[in-house]
file start.pdb (PDB, C-alpha atoms, pLDDT in the B column)
ATOM      1  CA  MET A   1      -5.292 -71.861-101.174  1.00 86.00           C
ATOM      2  CA  ASN A   2      -2.346 -69.460-100.918  1.00 93.00           C
ATOM      3  CA  ILE A   3       1.018 -70.086 -99.254  1.00 93.00           C
ATOM      4  CA  GLU A   4       0.102 -68.394 -95.990  1.00 94.00           C
ATOM      5  CA  GLU A   5      -3.137 -70.382 -95.651  1.00 95.00           C
ATOM      6  CA  ILE A   6      -1.348 -73.687 -96.304  1.00 96.00           C
ATOM      7  CA  ILE A   7       1.307 -72.998 -93.668  1.00 96.00           C
ATOM      8  CA  LYS A   8      -1.271 -71.680 -91.185  1.00 96.00           C
ATOM      9  CA  GLN A   9      -3.331 -74.840 -91.615  1.00 96.00           C
ATOM     10  CA  LEU A  10      -0.233 -76.941 -90.829  1.00 96.00           C
ATOM     11  CA  LEU A  11       0.599 -74.821 -87.779  1.00 96.00           C
ATOM     12  CA  ASP A  12      -2.983 -75.112 -86.513  1.00 96.00           C
ATOM     13  CA  SER A  13      -2.952 -78.903 -86.862  1.00 96.00           C
ATOM     14  CA  ASP A  14      -2.475 -81.394 -84.031  1.00 96.00           C
ATOM     15  CA  ILE A  15       0.998 -82.301 -85.302  1.00 97.00           C
ATOM     16  CA  SER A  16       3.595 -81.426 -82.676  1.00 97.00           C
ATOM     17  CA  ALA A  17       6.284 -78.836 -83.342  1.00 97.00           C
ATOM     18  CA  TYR A  18       8.824 -81.570 -82.647  1.00 97.00           C
ATOM     19  CA  ARG A  19       7.346 -83.850 -85.331  1.00 98.00           C
ATOM     20  CA  ILE A  20       7.179 -81.063 -87.930  1.00 97.00           C
ATOM     21  CA  ALA A  21      10.757 -80.051 -87.125  1.00 97.00           C
ATOM     22  CA  LYS A  22      12.049 -83.614 -87.304  1.00 98.00           C
ATOM     23  CA  ASP A  23      10.266 -84.335 -90.591  1.00 97.00           C
ATOM     24  CA  THR A  24      11.071 -81.033 -92.337  1.00 97.00           C
ATOM     25  CA  GLY A  25      14.410 -79.930 -90.940  1.00 97.00           C
ATOM     26  CA  VAL A  26      12.863 -76.604 -89.900  1.00 97.00           C
ATOM     27  CA  SER A  27      13.923 -75.580 -86.406  1.00 96.00           C
ATOM     28  CA  GLN A  28      11.441 -76.483 -83.674  1.00 97.00           C
ATOM     29  CA  SER A  29      11.908 -73.005 -82.211  1.00 97.00           C
ATOM     30  CA  ILE A  30      10.796 -71.404 -85.495  1.00 96.00           C
ATOM     31  CA  ILE A  31       7.666 -73.546 -85.561  1.00 97.00           C
ATOM     32  CA  THR A  32       6.906 -72.738 -81.924  1.00 97.00           C
ATOM     33  CA  ARG A  33       7.475 -69.012 -82.501  1.00 97.00           C
ATOM     34  CA  LEU A  34       5.133 -69.114 -85.508  1.00 97.00           C
ATOM     35  CA  ARG A  35       2.460 -70.871 -83.465  1.00 96.00           C
ATOM     36  CA  ASN A  36       2.826 -68.398 -80.587  1.00 96.00           C
ATOM     37  CA  GLY A  37       2.677 -65.380 -82.885  1.00 94.00           C
ATOM     38  CA  ASP A  38       6.237 -64.286 -82.034  1.00 95.00           C
ATOM     39  CA  ARG A  39       7.134 -64.662 -85.713  1.00 95.00           C
ATOM     40  CA  THR A  40       4.976 -64.231 -88.816  1.00 95.00           C
ATOM     41  CA  ILE A  41       4.773 -66.369 -91.913  1.00 95.00           C
ATOM     42  CA  ASP A  42       5.899 -63.318 -93.912  1.00 93.00           C
ATOM     43  CA  GLN A  43       9.254 -63.511 -92.114  1.00 93.00           C
ATOM     44  CA  LEU A  44      10.031 -67.028 -93.335  1.00 95.00           C
ATOM     45  CA  THR A  45      12.667 -67.627 -95.963  1.00 96.00           C
ATOM     46  CA  VAL A  46      11.445 -69.085 -99.227  1.00 96.00           C
ATOM     47  CA  GLY A  47      13.244 -72.342 -98.452  1.00 97.00           C
ATOM     48  CA  THR A  48      11.625 -72.713 -95.032  1.00 97.00           C
ATOM     49  CA  ALA A  49       8.183 -71.889 -96.402  1.00 96.00           C
ATOM     50  CA  GLN A  50       8.678 -74.455 -99.180  1.00 97.00           C
ATOM     51  CA  LYS A  51       9.650 -77.182 -96.680  1.00 97.00           C
ATOM     52  CA  LEU A  52       6.496 -76.517 -94.637  1.00 97.00           C
ATOM     53  CA  ILE A  53       4.288 -76.471 -97.748  1.00 97.00           C
ATOM     54  CA  ASP A  54       5.777 -79.725 -99.042  1.00 96.00           C
ATOM     55  CA  TYR A  55       5.259 -81.339 -95.640  1.00 97.00           C
ATOM     56  CA  SER A  56       1.655 -80.167 -95.405  1.00 95.00           C
ATOM     57  CA  LYS A  57       0.897 -81.884 -98.728  1.00 91.00           C
ATOM     58  CA  LYS A  58       1.951 -85.292 -97.369  1.00 84.00           C
TER      59      LYS A  58
END
call {"tool": "encode", "arguments": {"input": "start.pdb", "output": "structure tokens"}}
result
Amino acid sequence: MNIEEIIKQLLDSDISAYRIAKDTGVSQSIITRLRNGDRTIDQLTVGTAQKLIDYSKK
């Protein structure tokens, strides 16, 4: 699975944007914008992408 697929799987999960934000430190607005398609995974910083990947592995 590549980085984009891992993050997409997390975003498509039933976990709320609030919970992901609280657990990862990634802004809730970024998560919401990713889910709504207002922002793409390609636009994430490496650090943000890494936080989401690490969280998805838990």
call {"tool": "resolve_selection", "arguments": {"input": "start.pdb", "expression": "the PyMOL selection byres ((chain A and resi 3) around 12)", "output": "list of chain:residue names"}}
result
A:Met1, A:Asn2, A:Glu4, A:Glu5, A:Ile6, A:Ile7, A:Lys8, A:Gln9, A:Leu10, A:Ile41, A:Asp42, A:Leu44, A:Val46, A:Thr48, A:Ala49, A:Gln50, A:Lys51, A:Leu52, A:Ile53, A:Asp54, A:Ser56, A:Lys57
call {"tool": "atom_distance", "arguments": {"input": "start.pdb", "atom1": "CA of Asp23 (chain A)", "atom2": "CA of Arg35 (chain A)"}}
result
17.1 Å
call {"tool": "residues_around", "arguments": {"input": "start.pdb", "residues": "Tyr18 (chain A)", "least_positions_apart": "2", "cutoff": "12 Å", "atoms": "only C-alpha atoms", "output": "PyMOL selection string"}}
result
chain A and resi 11+14-16+20-32
call {"tool": "decode", "arguments": {"input": "start.pdb", "residues": "region 1-51 of chain A", "atoms": "C-alpha atoms", "output": "compact mmCIF listing (two decimals), in the first residue's frame"}}
result
# COMPACT_ATOMS: atom_id res chain seq x y z
CA MET A 1 0.00 0.00 0.00
CA ASN A 2 1.40 3.43 -0.87
CA ILE A 3 1.24 6.60 1.22
CA GLU A 4 -1.79 8.03 -0.56
CA GLU A 5 -3.78 4.80 -0.16
CA ILE A 6 -2.97 4.59 3.56
CA ILE A 7 -4.09 8.17 4.21
CA LYS A 8 -7.18 7.77 2.01
CA GLN A 9 -8.18 4.66 3.94
CA LEU A 10 -7.90 6.63 7.21
CA LEU A 11 -9.93 9.52 5.79
CA ASP A 12 -12.62 7.12 4.56
CA SER A 13 -12.91 5.46 7.97
CA ASP A 14 -15.63 6.10 10.54
CA ILE A 15 -13.18 7.93 12.81
CA SER A 16 -14.28 11.53 13.26
CA ALA A 17 -12.13 14.42 12.06
CA TYR A 18 -12.12 15.65 15.66
CA ARG A 19 -10.72 12.34 16.95
CA ILE A 20 -8.02 12.17 14.26
CA ALA A 21 -7.06 15.79 14.93
CA LYS A 22 -6.93 15.29 18.69
CA ASP A 23 -4.87 12.10 18.43
CA THR A 24 -2.44 13.29 15.73
CA GLY A 25 -2.10 17.02 16.24
CA VAL A 26 -3.14 17.61 12.62
CA SER A 27 -5.65 20.44 12.31
CA GLN A 28 -9.28 19.33 12.17
CA SER A 29 -9.83 21.76 9.30
CA ILE A 30 -7.11 20.05 7.24
CA ILE A 31 -8.72 16.66 7.80
CA THR A 32 -12.15 18.02 6.90
CA ARG A 33 -10.80 19.72 3.77
CA LEU A 34 -9.12 16.46 2.72
CA ARG A 35 -12.36 14.54 3.23
CA ASN A 36 -14.37 17.13 1.29
CA GLY A 37 -11.90 17.20 -1.59
CA ASP A 38 -10.98 20.86 -1.00
CA ARG A 39 -7.38 19.77 -0.43
CA THR A 40 -5.45 16.82 -1.89
CA ILE A 41 -3.12 14.40 -0.18
CA ASP A 42 -0.37 15.63 -2.53
CA GLN A 43 -0.59 19.04 -0.82
CA LEU A 44 0.26 17.68 2.63
CA THR A 45 3.63 18.35 4.20
CA VAL A 46 5.78 15.32 4.84
CA GLY A 47 5.33 15.78 8.58
CA THR A 48 1.54 15.89 8.36
CA ALA A 49 1.44 12.86 6.07
CA GLN A 50 3.71 10.97 8.47
CA LYS A 51 1.45 11.76 11.46
